[in-house]
Amino acid sequence: MALVKTTRVVFWISKREINDCQLRIRNMININKQGKGYHMKLKPIVVLLALSFAATSAFAEDTNNGGPTLTVSGFGTAALTTTNNDQAQFARPNQPSGVGTNVGAGVDSDFGVQLTGKINPWLSLVAQGLVNKDASDSYGGELTWAFAKFKINDDWNIRVGRMELPVYMISDYQNVGYANTMIRPPVEMYTQVTVQNIDGADAIYQHSFGDTTFTAQFGVGSSNSQNSGGFDIKFRDLTALNLVLENGPFTVRFGRVDTKFTVDTLASLNAEVTALNSLGFTQQANELNINSVHGSFTSLGASMDWKDIVAQAEYGKRKTDVLTVPDTTSWYTMVGYRIGKFLPYYNHAAARQDSATTVSGIPNIPQLAPLIAGADAFASAAPKQSTNSIGVRWDFYKSVDFKFQIDRVSPDSGGGTFVHAQPGFTGPVTVYAAGIDFVF
Amino acid sequence: MKYQLIASLLIASAAMTALPAAAEVVVVVNPKNSATKLTSDQVAQYFLGKSTTLTPVDQSESSAIRTEFYKKVADKDPGQVKSIWSKLVFTGKGTLPKELGSDADVKKAIAADVNGIGYIEKSAVDSSVKVVTELP
């Protein structure tokens, strides 16, 4: 079953070319829906490529000053990933499967195309399609962003539509390998909140005070996210605050996301909650049931690119009102040193669980043992893990870089971020990845 | 023998680095712009997408003046600049500066846009633009 995120396009522009592009994206997704075999995987990429060329040619003559312009840009990563352990599979957040000792392209590869239409000095339209492995085992296409941006004045912009949800410091460009030093965002932290989009509106204020630029962004809306576990998460009353201070090579960032979220299509959870309720364990059922419960993610980040020293660090706390989605703390610190076109780096990342890993108050009698085991399994679902990574980025050609990264991943009990872990699996696991990032 | 090789390598590299240093780059704006002097850091803000008060115009990607400009104004090579822009472009938060093929084209664009900012060789300066920063 291929990934199909809803593609309700919120654009109302009448440009035939854009409509055509939407149609192509829909077709692409439909193709993907039916795609079962290996040969189908490349199709979305081919269609996206065709789409980008079609758009380029359609607007090739439209470069006169003042009039509407359409810019096509894109990015991608072609990477191979493997590990030294077949007892479990290494995957990015929200990928249902990954790689063991086999070599796979699915973990770290993606391809995106973006259309930016500047209608006039105050109105622009942005649509971005992304093909990668997310939530399903095959490459799926999704409309990551489609929004209209209204420039109010030099400081204020309002955006309406589907936009990136600024959960993390690099949420904006986490799929753009070329914009990042490491081959992938640290999985310990970026698995905490996997929803990437918000359907709604936001306001962005950006002002320079001398050499310092302050950016504030506040968004409201909702989102539906397909989980690799085969269920959906509905986010309602979603708010996102993102504050950024930049001074030359230094950036400091604070983010806060709040939501009421619901998971009502996870059969195993529904069965557990129903059983608890029927036996009168209402409190325990409520501690597990994910029905419009509050959740938040608060994070601090800093980065610098000063002389030849590159550094980036983030610290985040997830809090929810249910044990099923445990409270966690996660962080990472990366440092690198640029030597000409080469940027070797080191990263340490970790995640731990803060809330209880057991559900208390159920009498420990044999008849209830399966119920307790089930409840405790839900309460301890957060990956607990740490990773040390070394890697190098080599900017060997304009707009193209090569990266090689080795991770030493140490999962605690429960397999950490690994998927399909077999009984008896323990780390640490060494992960190797090499790839090429490009932008156009 | 070994020293000879090193010496000739040094001479060769010195000759190579000396080549692009021949031109002096200046930052120019529209004469109607009230600014009289901008620091390198301020100029970098416009060309690295941190501020949209002025609209930057770039020179072509393969040109020597472009490499020199970013080296002097922000100590970045063209690849680093592209990487910085790719953080903005793929969120719709910024659009790449328009690329123009020559100093003359840059002057024309700046003269036509009261908010334009660009960079050219000092020898190409005329009354159609105003110099706000010199990058020796």
# chains A, B, ... in the order shown; residues from 1 in each chain; ligands from 1
call {"tool": "select_by_dssp", "arguments": {"residues": "region 75-114 of chain B", "states": "alpha helix (DSSP H)", "output": "PyMOL selection string"}}
result
chain B and resi 78-89+103-112
call {"tool": "interface_residues", "arguments": {"of": "chain A", "to": "chain B", "cutoff": "6 Å", "atoms": "only C-alpha atoms", "output": "number ranges by chain"}}
result
A: 154, 172-173, 179, 398
call {"tool": "residues_around", "arguments": {"residues": "region 227-242 of chain A", "least_positions_apart": "5", "cutoff": "6 Å", "atoms": "only C-alpha atoms", "output": "PyMOL selection string"}}
result
chain A and resi 94-96+135+216-222+254-263+265-266
call {"tool": "closest_residue", "arguments": {"among": "A:Phe297, A:Tyr345, A:Phe418, A:Tyr432", "to": "Gly104 (chain A)", "atoms": "only C-alpha atoms"}}
result
A:Tyr432
call {"tool": "atom_distance", "arguments": {"atom1": "CA of Gly295 (chain A)", "atom2": "CA of Gly316 (chain A)"}}
result
13.3 Å
call {"tool": "residues_around", "arguments": {"residues": "Val27 (chain B)", "least_positions_apart": "6", "cutoff": "8 Å", "atoms": "only C-alpha atoms", "output": "list in words"}}
result
Val43, Ile117, Gly118, Tyr119, Ile120, Val131, Val132, Thr133, Glu134 and Leu135 of chain B
call {"tool": "write_last_selection", "arguments": {"atoms": "N, CA and C atoms", "output": "PDB file, in the first residue's frame"}}
result
ATOM      1  N   VAL B  43      25.698  44.331   3.692  1.00  0.00           N
ATOM      2  CA  VAL B  43      25.573  43.884   2.300  1.00  0.00           C
ATOM      3  C   VAL B  43      25.304  42.377   2.270  1.00  0.00           C
ATOM      4  N   ILE B 117      20.221  46.358  -5.429  1.00  0.00           N
ATOM      5  CA  ILE B 117      21.593  46.396  -4.927  1.00  0.00           C
ATOM      6  C   ILE B 117      22.388  45.339  -5.693  1.00  0.00           C
ATOM      7  N   GLY B 118      23.601  45.725  -6.111  1.00  0.00           N
ATOM      8  CA  GLY B 118      24.399  44.789  -6.891  1.00  0.00           C
ATOM      9  C   GLY B 118      25.876  45.055  -6.680  1.00  0.00           C
ATOM     10  N   TYR B 119      26.725  44.301  -7.380  1.00  0.00           N
ATOM     11  CA  TYR B 119      28.164  44.526  -7.266  1.00  0.00           C
ATOM     12  C   TYR B 119      28.787  44.481  -8.651  1.00  0.00           C
ATOM     13  N   ILE B 120      29.748  45.375  -8.865  1.00  0.00           N
ATOM     14  CA  ILE B 120      30.428  45.476 -10.162  1.00  0.00           C
ATOM     15  C   ILE B 120      31.898  45.818  -9.923  1.00  0.00           C
ATOM     16  N   VAL B 131      27.891  54.129  -5.359  1.00  0.00           N
ATOM     17  CA  VAL B 131      28.725  53.179  -4.619  1.00  0.00           C
ATOM     18  C   VAL B 131      28.456  53.329  -3.118  1.00  0.00           C
ATOM     19  N   VAL B 132      28.140  52.211  -2.433  1.00  0.00           N
ATOM     20  CA  VAL B 132      27.924  52.269  -0.990  1.00  0.00           C
ATOM     21  C   VAL B 132      28.964  51.474  -0.204  1.00  0.00           C
ATOM     22  N   THR B 133      29.667  50.579  -0.885  1.00  0.00           N
ATOM     23  CA  THR B 133      30.694  49.785  -0.214  1.00  0.00           C
ATOM     24  C   THR B 133      31.832  49.499  -1.187  1.00  0.00           C
ATOM     25  N   GLU B 134      33.052  49.669  -0.712  1.00  0.00           N
ATOM     26  CA  GLU B 134      34.203  49.280  -1.532  1.00  0.00           C
ATOM     27  C   GLU B 134      34.817  48.047  -0.918  1.00  0.00           C
ATOM     28  N   LEU B 135      35.079  47.071  -1.760  1.00  0.00           N
ATOM     29  CA  LEU B 135      35.678  45.819  -1.274  1.00  0.00           C
ATOM     30  C   LEU B 135      37.040  45.639  -1.937  1.00  0.00           C
TER      31      LEU B 135
END
call {"tool": "select_by_dssp", "arguments": {"residues": "region 197-295 of chain A", "states": "strand (DSSP E)", "output": "mmCIF file with N, CA and C atoms, in the first residue's frame"}}
result
data_model
loop_
_atom_site.group_PDB
_atom_site.id
_atom_site.type_symbol
_atom_site.label_atom_id
_atom_site.label_comp_id
_atom_site.auth_asym_id
_atom_site.auth_seq_id
_atom_site.Cartn_x
_atom_site.Cartn_y
_atom_site.Cartn_z
ATOM 1 N N ASN A 197 3.667 18.930 8.089
ATOM 2 C CA ASN A 197 2.869 19.979 7.447
ATOM 3 C C ASN A 197 1.789 20.506 8.366
ATOM 4 N N ILE A 198 1.359 21.708 8.084
ATOM 5 C CA ILE A 198 0.192 22.278 8.751
ATOM 6 C C ILE A 198 -0.697 22.890 7.682
ATOM 7 N N ASP A 199 -1.989 22.584 7.753
ATOM 8 C CA ASP A 199 -2.958 23.215 6.857
ATOM 9 C C ASP A 199 -3.603 24.351 7.623
ATOM 10 N N GLY A 200 -3.329 25.565 7.208
ATOM 11 C CA GLY A 200 -3.862 26.694 7.961
ATOM 12 C C GLY A 200 -3.265 27.998 7.484
ATOM 13 N N ALA A 201 -2.880 28.833 8.439
ATOM 14 C CA ALA A 201 -2.320 30.135 8.093
ATOM 15 C C ALA A 201 -1.233 30.487 9.093
ATOM 16 N N ASP A 202 -0.270 31.268 8.645
ATOM 17 C CA ASP A 202 0.703 31.782 9.600
ATOM 18 C C ASP A 202 1.130 33.202 9.251
ATOM 19 N N ALA A 203 1.712 33.847 10.244
ATOM 20 C CA ALA A 203 2.235 35.197 10.057
ATOM 21 C C ALA A 203 3.718 35.159 10.355
ATOM 22 N N ILE A 204 4.503 35.781 9.505
ATOM 23 C CA ILE A 204 5.952 35.821 9.709
ATOM 24 C C ILE A 204 6.397 37.275 9.793
ATOM 25 N N TYR A 205 7.091 37.585 10.880
ATOM 26 C CA TYR A 205 7.654 38.922 11.060
ATOM 27 C C TYR A 205 9.164 38.805 11.002
ATOM 28 N N GLN A 206 9.780 39.582 10.152
ATOM 29 C CA GLN A 206 11.240 39.549 10.070
ATOM 30 C C GLN A 206 11.772 40.976 10.032
ATOM 31 N N HIS A 207 12.692 41.265 10.950
ATOM 32 C CA HIS A 207 13.234 42.620 10.990
ATOM 33 C C HIS A 207 14.702 42.579 11.364
ATOM 34 N N SER A 208 15.476 43.454 10.735
ATOM 35 C CA SER A 208 16.895 43.530 11.048
ATOM 36 C C SER A 208 17.160 44.693 11.982
ATOM 37 N N PHE A 209 17.842 44.394 13.077
ATOM 38 C CA PHE A 209 18.283 45.439 13.998
ATOM 39 C C PHE A 209 19.796 45.493 13.883
ATOM 40 N N THR A 212 21.758 42.202 13.336
ATOM 41 C CA THR A 212 21.002 41.073 13.860
ATOM 42 C C THR A 212 19.622 41.014 13.228
ATOM 43 N N THR A 213 19.243 39.829 12.765
ATOM 44 C CA THR A 213 17.922 39.649 12.177
ATOM 45 C C THR A 213 17.063 38.823 13.115
ATOM 46 N N PHE A 214 15.855 39.335 13.399
ATOM 47 C CA PHE A 214 14.909 38.628 14.254
ATOM 48 C C PHE A 214 13.741 38.148 13.401
ATOM 49 N N THR A 215 13.412 36.869 13.521
ATOM 50 C CA THR A 215 12.275 36.325 12.784
ATOM 51 C C THR A 215 11.319 35.672 13.766
ATOM 52 N N ALA A 216 10.043 36.025 13.682
ATOM 53 C CA ALA A 216 9.017 35.397 14.507
ATOM 54 C C ALA A 216 7.946 34.851 13.582
ATOM 55 N N GLN A 217 7.535 33.629 13.874
ATOM 56 C CA GLN A 217 6.535 32.981 13.026
ATOM 57 C C GLN A 217 5.505 32.351 13.939
ATOM 58 N N PHE A 218 4.225 32.594 13.648
ATOM 59 C CA PHE A 218 3.175 31.954 14.430
ATOM 60 C C PHE A 218 2.118 31.415 13.485
ATOM 61 N N GLY A 219 1.827 30.125 13.616
ATOM 62 C CA GLY A 219 0.872 29.488 12.715
ATOM 63 C C GLY A 219 -0.228 28.770 13.472
ATOM 64 N N VAL A 220 -1.405 28.712 12.858
ATOM 65 C CA VAL A 220 -2.514 27.932 13.410
ATOM 66 C C VAL A 220 -3.092 27.062 12.301
ATOM 67 N N GLY A 221 -3.620 25.901 12.683
ATOM 68 C CA GLY A 221 -4.225 25.041 11.672
ATOM 69 C C GLY A 221 -4.426 23.636 12.178
ATOM 70 N N SER A 222 -4.414 22.691 11.242
ATOM 71 C CA SER A 222 -4.591 21.290 11.592
ATOM 72 C C SER A 222 -3.767 20.451 10.631
ATOM 73 N N SER A 223 -3.654 19.159 10.935
ATOM 74 C CA SER A 223 -2.870 18.299 10.067
ATOM 75 C C SER A 223 -3.278 16.848 10.275
ATOM 76 N N ASN A 224 -3.164 16.066 9.225
ATOM 77 C CA ASN A 224 -3.338 14.621 9.331
ATOM 78 C C ASN A 224 -2.038 13.973 8.920
ATOM 79 N N SER A 225 -1.574 13.037 9.719
ATOM 80 C CA SER A 225 -0.304 12.408 9.422
ATOM 81 C C SER A 225 -0.481 10.903 9.405
ATOM 82 N N GLN A 226 0.003 10.291 8.321
ATOM 83 C CA GLN A 226 -0.060 8.834 8.250
ATOM 84 C C GLN A 226 1.154 8.263 8.949
ATOM 85 N N ASP A 232 -3.563 6.563 11.311
ATOM 86 C CA ASP A 232 -3.455 8.004 11.093
ATOM 87 C C ASP A 232 -3.423 8.741 12.422
ATOM 88 N N ILE A 233 -2.757 9.879 12.431
ATOM 89 C CA ILE A 233 -2.809 10.755 13.593
ATOM 90 C C ILE A 233 -3.453 12.057 13.134
ATOM 91 N N LYS A 234 -4.511 12.438 13.848
ATOM 92 C CA LYS A 234 -5.191 13.697 13.504
ATOM 93 C C LYS A 234 -4.769 14.767 14.506
ATOM 94 N N PHE A 235 -4.203 15.836 13.986
ATOM 95 C CA PHE A 235 -3.795 16.957 14.837
ATOM 96 C C PHE A 235 -4.798 18.095 14.650
ATOM 97 N N ARG A 236 -5.416 18.507 15.760
ATOM 98 C CA ARG A 236 -6.353 19.636 15.709
ATOM 99 C C ARG A 236 -5.848 20.725 16.646
ATOM 100 N N ASP A 237 -6.405 21.931 16.499
ATOM 101 C CA ASP A 237 -5.977 23.073 17.326
ATOM 102 C C ASP A 237 -4.455 23.162 17.358
ATOM 103 N N LEU A 238 -3.867 23.029 16.197
ATOM 104 C CA LEU A 238 -2.417 23.011 16.086
ATOM 105 C C LEU A 238 -1.897 24.454 16.057
ATOM 106 N N THR A 239 -0.976 24.773 16.975
ATOM 107 C CA THR A 239 -0.341 26.088 16.939
ATOM 108 C C THR A 239 1.171 25.896 16.938
ATOM 109 N N ALA A 240 1.869 26.778 16.257
ATOM 110 C CA ALA A 240 3.326 26.653 16.167
ATOM 111 C C ALA A 240 3.965 28.021 16.276
ATOM 112 N N LEU A 241 4.893 28.132 17.218
ATOM 113 C CA LEU A 241 5.644 29.365 17.407
ATOM 114 C C LEU A 241 7.112 29.086 17.097
ATOM 115 N N ASN A 242 7.719 29.969 16.332
ATOM 116 C CA ASN A 242 9.105 29.770 15.921
ATOM 117 C C ASN A 242 9.815 31.121 15.999
ATOM 118 N N LEU A 243 10.823 31.220 16.873
ATOM 119 C CA LEU A 243 11.550 32.482 17.046
ATOM 120 C C LEU A 243 13.018 32.262 16.695
ATOM 121 N N VAL A 244 13.556 33.099 15.832
ATOM 122 C CA VAL A 244 14.929 32.917 15.372
ATOM 123 C C VAL A 244 15.688 34.234 15.451
ATOM 124 N N LEU A 245 16.875 34.179 16.035
ATOM 125 C CA LEU A 245 17.790 35.326 16.051
ATOM 126 C C LEU A 245 19.024 34.956 15.253
ATOM 127 N N GLU A 246 19.377 35.787 14.283
ATOM 128 C CA GLU A 246 20.564 35.510 13.476
ATOM 129 C C GLU A 246 21.494 36.702 13.514
ATOM 130 N N ASN A 247 22.757 36.432 13.772
ATOM 131 C CA ASN A 247 23.755 37.481 13.717
ATOM 132 C C ASN A 247 24.969 36.933 12.994
ATOM 133 N N PHE A 250 26.003 33.288 13.451
ATOM 134 C CA PHE A 250 25.381 32.671 14.619
ATOM 135 C C PHE A 250 23.858 32.700 14.545
ATOM 136 N N THR A 251 23.219 31.595 14.909
ATOM 137 C CA THR A 251 21.763 31.498 14.910
ATOM 138 C C THR A 251 21.311 30.859 16.216
ATOM 139 N N VAL A 252 20.284 31.447 16.839
ATOM 140 C CA VAL A 252 19.663 30.860 18.018
ATOM 141 C C VAL A 252 18.178 30.748 17.734
ATOM 142 N N ARG A 253 17.571 29.653 18.181
ATOM 143 C CA ARG A 253 16.191 29.411 17.793
ATOM 144 C C ARG A 253 15.395 28.759 18.913
ATOM 145 N N PHE A 254 14.138 29.217 19.097
ATOM 146 C CA PHE A 254 13.215 28.607 20.050
ATOM 147 C C PHE A 254 11.942 28.193 19.320
ATOM 148 N N GLY A 255 11.438 27.006 19.615
ATOM 149 C CA GLY A 255 10.210 26.550 18.959
ATOM 150 C C GLY A 255 9.259 25.902 19.944
ATOM 151 N N ARG A 256 7.988 26.091 19.687
ATOM 152 C CA ARG A 256 6.975 25.480 20.547
ATOM 153 C C ARG A 256 5.764 25.110 19.683
ATOM 154 N N VAL A 257 5.387 23.840 19.750
ATOM 155 C CA VAL A 257 4.216 23.374 19.010
ATOM 156 C C VAL A 257 3.234 22.779 20.012
ATOM 157 N N ASP A 258 1.962 23.147 19.901
ATOM 158 C CA ASP A 258 0.904 22.603 20.753
ATOM 159 C C ASP A 258 -0.198 22.036 19.871
ATOM 160 N N THR A 259 -0.834 20.963 20.334
ATOM 161 C CA THR A 259 -1.940 20.399 19.556
ATOM 162 C C THR A 259 -2.824 19.526 20.437
ATOM 163 N N LYS A 260 -4.029 19.273 19.933
ATOM 164 C CA LYS A 260 -4.874 18.209 20.473
ATOM 165 C C LYS A 260 -4.877 17.123 19.408
ATOM 166 N N PHE A 261 -4.435 15.914 19.776
ATOM 167 C CA PHE A 261 -4.335 14.897 18.733
ATOM 168 C C PHE A 261 -5.111 13.630 19.080
ATOM 169 N N THR A 262 -5.465 12.920 18.007
ATOM 170 C CA THR A 262 -6.320 11.739 18.129
ATOM 171 C C THR A 262 -5.766 10.607 17.275
ATOM 172 N N VAL A 293 -6.170 14.453 22.918
ATOM 173 C CA VAL A 293 -5.341 14.764 24.079
ATOM 174 C C VAL A 293 -4.305 15.840 23.722
ATOM 175 N N HIS A 294 -3.907 16.577 24.743
ATOM 176 C CA HIS A 294 -2.954 17.653 24.501
ATOM 177 C C HIS A 294 -1.532 17.109 24.384
ATOM 178 N N GLY A 295 -0.795 17.644 23.442
ATOM 179 C CA GLY A 295 0.612 17.302 23.311
ATOM 180 C C GLY A 295 1.391 18.543 22.934
#
call {"tool": "atom_distance", "arguments": {"atom1": "CA of Lys71 (chain B)", "atom2": "CA of Lys32 (chain B)"}}
result
28.1 Å
call {"tool": "residues_around", "arguments": {"residues": "Ile110 (chain B)", "least_positions_apart": "5", "cutoff": "12 Å", "atoms": "only C-alpha atoms", "output": "JSON, numbers by chain"}}
result
{"B": [27, 28, 29, 30, 31, 32, 33, 54, 55, 56, 57, 58, 98, 100, 103, 104, 105, 115, 116, 117, 118, 119, 120, 125, 126, 127, 128, 129, 130, 131]}
call {"tool": "atom_distance", "arguments": {"atom1": "CA of Gly336 (chain A)", "atom2": "CA of Asn84 (chain A)"}}
result
25.6 Å
call {"tool": "residues_around", "arguments": {"residues": "Phe90 (chain A)", "least_positions_apart": "4", "cutoff": "12 Å", "atoms": "only C-alpha atoms", "output": "mmCIF file with N, CA and C atoms, in the first residue's frame"}}
result
data_model
loop_
_atom_site.group_PDB
_atom_site.id
_atom_site.type_symbol
_atom_site.label_atom_id
_atom_site.label_comp_id
_atom_site.auth_asym_id
_atom_site.auth_seq_id
_atom_site.Cartn_x
_atom_site.Cartn_y
_atom_site.Cartn_z
ATOM 1 N N THR A 81 22.448 3.035 1.934
ATOM 2 C CA THR A 81 22.598 2.857 3.376
ATOM 3 C C THR A 81 22.682 1.366 3.694
ATOM 4 N N THR A 82 23.505 1.013 4.654
ATOM 5 C CA THR A 82 23.580 -0.376 5.092
ATOM 6 C C THR A 82 24.068 -0.424 6.543
ATOM 7 N N THR A 83 23.925 -1.573 7.183
ATOM 8 C CA THR A 83 24.387 -1.722 8.567
ATOM 9 C C THR A 83 25.147 -3.040 8.721
ATOM 10 N N ASN A 84 25.655 -3.284 9.905
ATOM 11 C CA ASN A 84 26.385 -4.533 10.153
ATOM 12 C C ASN A 84 25.553 -5.528 10.957
ATOM 13 N N ASN A 85 24.205 -5.334 10.990
ATOM 14 C CA ASN A 85 23.373 -6.170 11.851
ATOM 15 C C ASN A 85 22.058 -6.515 11.154
ATOM 16 N N ASP A 86 21.751 -7.814 11.075
ATOM 17 C CA ASP A 86 20.519 -8.237 10.414
ATOM 18 C C ASP A 86 19.381 -8.528 11.382
ATOM 19 N N ASN A 94 9.436 7.372 10.945
ATOM 20 C CA ASN A 94 8.204 7.112 10.197
ATOM 21 C C ASN A 94 8.400 6.300 8.920
ATOM 22 N N GLN A 95 9.512 5.581 8.812
ATOM 23 C CA GLN A 95 9.647 4.600 7.730
ATOM 24 C C GLN A 95 9.333 3.225 8.318
ATOM 25 N N PRO A 96 8.414 2.470 7.714
ATOM 26 C CA PRO A 96 8.027 1.175 8.282
ATOM 27 C C PRO A 96 9.102 0.102 8.149
ATOM 28 N N SER A 97 10.012 0.269 7.204
ATOM 29 C CA SER A 97 11.109 -0.683 7.104
ATOM 30 C C SER A 97 12.371 0.050 6.689
ATOM 31 N N GLY A 98 13.501 -0.587 6.912
ATOM 32 C CA GLY A 98 14.771 0.060 6.596
ATOM 33 C C GLY A 98 15.746 -0.928 6.015
ATOM 34 N N VAL A 99 17.012 -0.813 6.430
ATOM 35 C CA VAL A 99 18.021 -1.733 5.919
ATOM 36 C C VAL A 99 18.706 -2.462 7.064
ATOM 37 N N GLY A 100 19.138 -3.684 6.767
ATOM 38 C CA GLY A 100 20.014 -4.437 7.652
ATOM 39 C C GLY A 100 21.364 -4.504 6.983
ATOM 40 N N THR A 101 21.865 -5.737 6.792
ATOM 41 C CA THR A 101 23.163 -5.844 6.128
ATOM 42 C C THR A 101 23.025 -5.727 4.604
ATOM 43 N N ASN A 102 21.788 -5.697 4.130
ATOM 44 C CA ASN A 102 21.595 -5.414 2.699
ATOM 45 C C ASN A 102 21.832 -3.932 2.451
ATOM 46 N N VAL A 103 22.122 -3.585 1.202
ATOM 47 C CA VAL A 103 22.341 -2.183 0.859
ATOM 48 C C VAL A 103 21.057 -1.640 0.239
ATOM 49 N N GLY A 104 20.538 -0.541 0.775
ATOM 50 C CA GLY A 104 19.280 -0.007 0.268
ATOM 51 C C GLY A 104 19.347 1.483 0.011
ATOM 52 N N GLY A 106 16.439 3.276 -0.044
ATOM 53 C CA GLY A 106 15.190 3.858 0.433
ATOM 54 C C GLY A 106 15.301 4.716 1.677
ATOM 55 N N VAL A 107 16.281 4.461 2.519
ATOM 56 C CA VAL A 107 16.341 5.167 3.797
ATOM 57 C C VAL A 107 16.647 6.650 3.600
ATOM 58 N N ASP A 108 17.669 6.942 2.801
ATOM 59 C CA ASP A 108 18.180 8.317 2.757
ATOM 60 C C ASP A 108 17.965 9.054 1.434
ATOM 61 N N VAL A 187 18.145 10.814 14.120
ATOM 62 C CA VAL A 187 16.863 10.105 14.255
ATOM 63 C C VAL A 187 16.313 10.177 15.678
ATOM 64 N N ASP A 407 27.508 5.803 11.525
ATOM 65 C CA ASP A 407 26.850 5.984 12.817
ATOM 66 C C ASP A 407 27.074 4.738 13.665
ATOM 67 N N ARG A 408 27.349 4.959 14.922
ATOM 68 C CA ARG A 408 27.403 3.870 15.895
ATOM 69 C C ARG A 408 26.184 4.066 16.784
ATOM 70 N N VAL A 409 25.141 3.253 16.540
ATOM 71 C CA VAL A 409 23.844 3.448 17.189
ATOM 72 C C VAL A 409 23.700 2.476 18.352
ATOM 73 N N SER A 410 23.423 3.011 19.545
ATOM 74 C CA SER A 410 23.269 2.169 20.737
ATOM 75 C C SER A 410 21.848 2.266 21.274
ATOM 76 N N PRO A 411 20.987 1.325 20.866
ATOM 77 C CA PRO A 411 19.618 1.347 21.396
ATOM 78 C C PRO A 411 19.578 0.753 22.796
ATOM 79 N N GLY A 415 14.817 -1.864 21.405
ATOM 80 C CA GLY A 415 15.201 -1.719 20.000
ATOM 81 C C GLY A 415 15.410 -0.295 19.516
ATOM 82 N N GLY A 416 15.193 0.701 20.396
ATOM 83 C CA GLY A 416 15.439 2.081 19.992
ATOM 84 C C GLY A 416 14.618 2.480 18.782
ATOM 85 N N THR A 417 15.245 3.186 17.833
ATOM 86 C CA THR A 417 14.525 3.621 16.632
ATOM 87 C C THR A 417 14.510 2.536 15.562
ATOM 88 N N PHE A 418 15.116 1.397 15.839
ATOM 89 C CA PHE A 418 15.151 0.329 14.833
ATOM 90 C C PHE A 418 13.755 -0.271 14.634
ATOM 91 N N VAL A 419 13.508 -0.775 13.443
ATOM 92 C CA VAL A 419 12.224 -1.415 13.155
ATOM 93 C C VAL A 419 12.474 -2.890 12.845
ATOM 94 N N HIS A 420 11.418 -3.665 12.965
ATOM 95 C CA HIS A 420 11.475 -5.116 12.747
ATOM 96 C C HIS A 420 12.591 -5.769 13.565
ATOM 97 N N ALA A 421 12.740 -5.322 14.820
ATOM 98 C CA ALA A 421 13.768 -5.906 15.684
ATOM 99 C C ALA A 421 13.332 -7.314 16.091
ATOM 100 N N GLY A 427 22.174 -3.755 20.487
ATOM 101 C CA GLY A 427 23.181 -2.990 19.758
ATOM 102 C C GLY A 427 24.525 -3.187 20.395
ATOM 103 N N PRO A 428 25.481 -2.309 20.132
ATOM 104 C CA PRO A 428 25.321 -1.241 19.143
ATOM 105 C C PRO A 428 25.410 -1.756 17.699
ATOM 106 N N VAL A 429 24.864 -0.922 16.811
ATOM 107 C CA VAL A 429 24.842 -1.241 15.391
ATOM 108 C C VAL A 429 25.619 -0.157 14.652
ATOM 109 N N THR A 430 26.419 -0.557 13.684
ATOM 110 C CA THR A 430 27.123 0.423 12.864
ATOM 111 C C THR A 430 26.358 0.618 11.552
ATOM 112 N N VAL A 431 26.065 1.874 11.245
ATOM 113 C CA VAL A 431 25.316 2.207 10.025
ATOM 114 C C VAL A 431 26.245 2.977 9.089
ATOM 115 N N TYR A 432 26.284 2.552 7.832
ATOM 116 C CA TYR A 432 27.103 3.235 6.831
ATOM 117 C C TYR A 432 26.174 3.856 5.799
ATOM 118 N N ALA A 433 26.459 5.089 5.404
ATOM 119 C CA ALA A 433 25.656 5.709 4.347
ATOM 120 C C ALA A 433 26.544 6.610 3.504
#
